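**Student:** First the structure, which I've put down as structure tokens, then a few questions once you've had a look.
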Amino acid sequence: MSDVDDRPFDSDDDDDMATITFHGAARQGDQDDPRPFDLADVPSSVEAEDPLPQSDVLECLFLTQEGGRSAGRTWEQTKVQAVNLSTLARAFKKGDKATAIALLQRRSVLRFDDDLCYDNEDEMLAWDASNHFLDFCLVVGGSIGLHALLPNKVVDHTFSIALNLCLPARLFRPKFGKLGFDPTGCMMAIGTGPSCEYWLAFCPQENLDDLDVANTAPLLSDRQHGDTRLSSSHFRMAVMFLAYALSKNPNLPIYIMHQYGTEDDLTAWRIKDVSNIYSQATWDLRLTDLQDLNNTIASDWDDWVADAPRAWKLDGWLLSRAPVAITCRYGQNQPIATATDNTHALEAKNWHAERAYANIRYVSVAIATDISCLRVKRWEEVSDEEILLQHGVVYDSPDPNMREEVDLDHLPHRNPDTRRENNVYEENGRRIPRLHGKSRRSAKPCGLLVNLETISELFTSYIPDHPDAAIDEDAYAGEQSSTPSVSVYPQAFLRNKGHIQCDAVLPHFAPFISDIRRVTSRRPRMVNLDDDQPLPDEYDIFGDTVDGSQGVPPVIIPSACQFYNEISHRIRPSAALHDVQQGRITSALAGAYGNAATKITHNARVRECKMALPHQKYDNKIGLDDVPRALRLENIYIIQCDSLKPEKRNGMSIYKDIIVPLARAWSHPNIFQVLRPHLCVFASHAFPQVYQWTTFGITSLLERLWAHQLPILEAGNKPRHEVVELCSVLERALAYAHTGNARVIAAKLMRPLWLVQSLLEQGLPTFAPSVRITSSVGNPISISSADWPTSDNLNVPAIASKRSQVLTYGNDHFEASVFAYKAGFHIELSINKLSPHVFLQYSTQERHCIVIALVALRSYIADVKTLVATAIKKECSSDAKDADMDVDYDGPNRDKDRLKSLQKWLACDHPLGYKDKAYEHLLRAVVVDPNDFSDGLPNSSKEKLSVQDFAIRICAMTRVESPSSVAAPLILTAPSTAVFRIAYARMLKYAPANSPAAAEKCIQRAYIIAANHLQIQHIPWHASNPVARGRPSRKAVHNSWVNLGKSSVLDPASSTAGRIASRPLDMAAEAAKKAQASDARAPWAVESITLQSLPDFFARDCLPDEFTLDNIDCSADPLLTEIYEWVFANFDREKPIHRIALLAGIYFSHMLPDVFWDVKDRPPAIAMDGERAATSAVRNMPWKRNGGTRKGCTWRTQFIAMVPAYIIAVYERESPLRDYVARKKSFPQAWNHKNSNKGIGSFNLVRMGLARAYNTRIFRGGSPLADWKLLTHEDLAAKHRELMGFLQDRQYGPFKIAVAFFGLDKAVELGATTGTYTNHPAMSAIALQKRPAPEPESDSDVEIVEEVPKKRQRR
């Protein structure tokens, strides 16, 4: 592939040739081998909810790319194939969309052709670094007033600024630079100028008076500040002061009738009522007006604050602040440090006239240099006479410590062996070009990017000794000792070529910064501080040390840098203006789910995409021949003006002595020669076209998808949710190609589709086999519901389009409209993709209904949280939002405590239940008076509902036909109400069709099961209406609640203790416990109860918190995972063996760690001959702890889950474990290893009376169902009746269960350690005989024989 610019010349006609002489950058010789624009910005519309950290991109650069040896279904098994960049270029030029799309289904890595990507050491490349720009300038005043706005002029008839006090919502957005204070809550926008913003900062007085305090304040790049806007009250104060100051100017028609308003309460009056400051939007101020305003602010601020109402000063803000002006210019891209002397002098004068720096504290600037290169046809020699005439003396090195003067007559232009240029240097170390390049006048420069794999090495490079650098520690980047953090942004899917950003500048700038400091910095004071003699102005005011370590702060602080191709300024002047980063196609498709309120916006999006798709607009932008291709190297510096010498504290000196040297440093050989090896050079005809070539597959799919969906939109229909999300995925991939920013990657959706792996590890995008891509126009990309990525077992779909939809159409469109997108997608996906692991005990039709009900109830829980949070925040004081949420507050101010409790409640997984103290946190947040905590949540009805009542009310208010009015517990205007209506209509498809009543019963049952699953124990209710006229309100409110559980019998012991105990210290916690204990549906935990109270809790509808798969580590073993998932999915408390297993697990956990046996206690084999003898021997074995180390044998929680799971898996014939046994005649090795290490196995199954032994091999575990057997169905039924009968005896039942499982001795011991009653009145003469049971099928070798006391006879 070639272009006219690279073809051989047909003639050497100089009319068609241009001479290229680059005075800036050096060509390497044999002896020389040694808001600003922010790459991190992305539009909010494509910023993912679950983005990847940018550091992942750098880490993935160093992953291997081999892939598998053969094709497979996983990413690692898929073979990697190489594709040439020229192949992608041909496909684009031919419009071969089929080929480009087909590549998306291959795992490909890019290979670069020599004619498209040049070696950066190519001798025919002419380099240039002579163009410099100012991209950002932040100026901070050093004293009260508007000094940053004032020019350094006495008069100027052209000067005018527009003062605008109507910008209270504007945020202070610069991300780089230094203010000298925390901008949180103190920045007020007061107008704009040409490429400039004007701010009035209410700086802490301490930071203004004490320079040391200001200098230690964090930089803006540290991102440590919060919302910069003034609060509403502070903003009104600021406006009133400015109105007062402006009213003192007789030349302005501004007046103020009441200097501090009509009342102390700022909300009781309007500014318009006391001043005409808002009679027009802006006020044009001349130079004299601005000077008068500055003088008034400086002279009257203190007096105005002193006379302000006491109520204005209660929070201390007004007393501790002072107004300081700040100006901010960014994105201006203005040329600076030009080569000509006349222009250079004019620029210096402009800087001098712009402002007086005597009252400026900090100036933060972004100085950029464009590095460009052109491929020339030939080089022509520059005569030695011309060089000597212009430069006089020349040297052989840029290093003044090593260089020697050169006699050009004895130094040829080229090295005769290598044909490379013999470089020479002028006095200041800059290279003098000895060759001029010749090229066509129409030749275009090459495109430049950074080698991302190697560039980070430069930021940790060793810097050669320098006479100043050795002692000037402040010259190094940011004065930080930590390793600089480099963020990489790959471009055009090239993986290791792109842009970078770093929180430091290259260390190679240290000598140049040292030179600047030496010229411009004040000298440290060397006299005693107590000496009253005046000091010359040239001595600084900071300290008395000579070395400056505690004296003069550095004049220059290097803050950060970024390297990016200049074309970004053409296609992306800011993050919000990049055409391919807006998600336009996604929002056009998703708008079909909107309502009348969003129709206008939706039509505009569709019309915009019909005119041209975003990537087509980009193609148009880069279609011009003069598109910039240079690499822009941008450094951020902070100039601390108080450290400047008095004679240097002016604009002319700042420009000449600081700005220009910093800008020109890039072309110095010491910097450029170390940078060039890390640059990637693209042919002029390959850049920026490479973006089009590599993204052609993605853009082709987008075009075909849009062509397929446009008729659907025009017909008024809605595209499938999967189509919208796949479109969002494609647009996000395209945005990543143009920005390299990982924040556009929606990881939860794009990782299962292989896009995360392919974009980061190989560069070019690859879709997983589950994504079907076709070359046809109809439905070009699709994925089945079964393969759609979900976030949990309940099939919550991974979504990438949320941010685009919310920002375009609002949150109601996404959550709350009749066609609520999120809920609709979740329901559709749940219907088409039933999880194989949840609710397996129900029929398929019921499972569909339950999953739909879960979606609706989750939406309802979110709305309840919003209802409570909104109301409580409103009830709290207006300043509560400024309270420190992280500081414990136990004083009389309840607002802080309520807001802290609200935060904790909102963070709970089950906010309407009891788990994680959710009830207690809610109680503390809702109830205002702590004395009312003991009453629990406010309950206007004074009674409880059942969960059935809750389900009946939901159905009645959301049914399709004849619904009742929406009332509590539903929330009329909340998104969930619309979701409930959708859910009801969808569930009707799966409910019985024989009668409406049966259908509604089915739906109610689904809501009941879902509510139990989500632990919904209490719901918001309507307020009471005592003796009020009119119809009572049925609206759900935050301060009235109803419980959904019926009362259960309380533990007698705890009830008695509750009656006798004194008033509890923590009434909220006590009320939470009381509510939970009386709620039959409330969750419970074994760890939080005693065995004595177990009968009251075991009968509850819900299982103990510990009985969950989360408490079992399957160690990524797929078979173990399958077994345990099956057990928990199929647990049915109606089955006897399941109830027995759960009870056994609870008791077994209380035996820890005594769940093993000692070999010394084993009887001789002759005594264990036969089933009865072997079983009896095992049952009589003492329970002891293991002599060795057994990890996890004291963590009770896991045993409550593992023991029941073991028993159920062994007993249930349909379990994966029994299926394995049927095939292999043994247990899986991993299963034996996991359980036997914890004492869980067949031996203890027999010892607890839940199995029988055949022979002595049981002591080694034995073969399953061969050396031991399970109880028969009749035996299990009898065992179940026995144990459940014991549970009815609340006093002695727990002890009897322990005896049945472990024998009398261990049961008595367990009773002593757990506080369980053991003194049975009918066992005064305990006759527990450990003898063989009389019948061989007996399930126990232990009997409890009760001797009934005989009645005493009368005499």
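Labels for the structure tokens follow display order: chains A, B, ..., residues from 1 in each chain, ligands from 1.
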Tell me which protein, DNA and RNA residues are within 6 Å of range 177-184 of chain A, counting only C-alpha atoms, leaving out same-chain ones fewer than 3 positions away, and put them as number ranges by chain.

**Tutor:** A: 214-215, 217, 219-220, 225-228, 364

**Student:** Range 1158-1170 of chain A: which residues within 9 Å, counting only C-alpha atoms, same-chain residues fewer than 2 positions away excluded, as a list in words?

**Tutor:**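 My list of contacting residues is Phe1156, Arg1172, Ala1173, Ala1174, Thr1175, Ser1176, Ala1177, Val1178, Met1181, Pro1182, Trp1183, Lys1184, Arg1185, Asn1186, Gly1187, Ala1253, Tyr1254, Asn1255, Thr1256 and Phe1259 of chain A.
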
**Student:** Take the selection from the previous step and output its residues with C-alpha atoms, as an mmCIF file, in the first residue's frame.

**Tutor:**
```cif
data_model
loop_
_atom_site.group_PDB
_atom_site.id
_atom_site.type_symbol
_atom_site.label_atom_id
_atom_site.label_comp_id
_atom_site.auth_asym_id
_atom_site.auth_seq_id
_atom_site.Cartn_x
_atom_site.Cartn_y
_atom_site.Cartn_z
ATOM 1 C CA PHE A 1156 -14.518 -37.368 66.275
ATOM 2 C CA ARG A 1172 -26.909 -54.960 65.464
ATOM 3 C CA ALA A 1173 -23.506 -55.307 67.097
ATOM 4 C CA ALA A 1174 -21.728 -53.007 64.656
ATOM 5 C CA THR A 1175 -24.433 -50.331 64.940
ATOM 6 C CA SER A 1176 -24.458 -50.576 68.732
ATOM 7 C CA ALA A 1177 -20.656 -50.280 68.870
ATOM 8 C CA VAL A 1178 -20.689 -47.142 66.776
ATOM 9 C CA MET A 1181 -18.366 -44.591 70.827
ATOM 10 C CA PRO A 1182 -17.498 -41.544 73.001
ATOM 11 C CA TRP A 1183 -17.585 -38.143 71.274
ATOM 12 C CA LYS A 1184 -14.122 -36.627 71.349
ATOM 13 C CA ARG A 1185 -12.135 -33.964 69.577
ATOM 14 C CA ASN A 1186 -9.530 -34.836 66.977
ATOM 15 C CA GLY A 1187 -5.966 -34.983 68.169
ATOM 16 C CA ALA A 1253 -23.742 -50.199 60.047
ATOM 17 C CA TYR A 1254 -23.274 -53.577 58.403
ATOM 18 C CA ASN A 1255 -19.703 -54.323 59.489
ATOM 19 C CA THR A 1256 -16.520 -52.864 60.957
ATOM 20 C CA PHE A 1259 -14.890 -47.115 61.063
#
```

**Student:** When distances are computed from only C-alpha atoms, which of A:Ala869, A:Leu1103, A:Leu246, A:Met957 shows the smallest separation from Val1037 in chain A?

**Tutor:**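 With only C-alpha atoms as the atom set, the closest residue is A:Ala869.
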
**Student:** Out of range 199-404 of chain A, which residues get strand (DSSP E) from DSSP, as a ChimeraX atom specification?

**Tutor:** /A:199-204,282-285,321-336,360-375,378-381

**Student:** A:Ile297, A:Cys166, A:Leu242, A:Ala1082: which is nearest Ser275 in chain A, counting only C-alpha atoms?

**Tutor:**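 Smallest distance to Ser275 in chain A is found for A:Leu242.
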
**Student:** Restricting the calculation to only C-alpha atoms: of A:Leu1142, A:Ala991, A:Ala325, A:Val393, which residue gets closest to Thr844 in chain A?

**Tutor:** A:Ala991
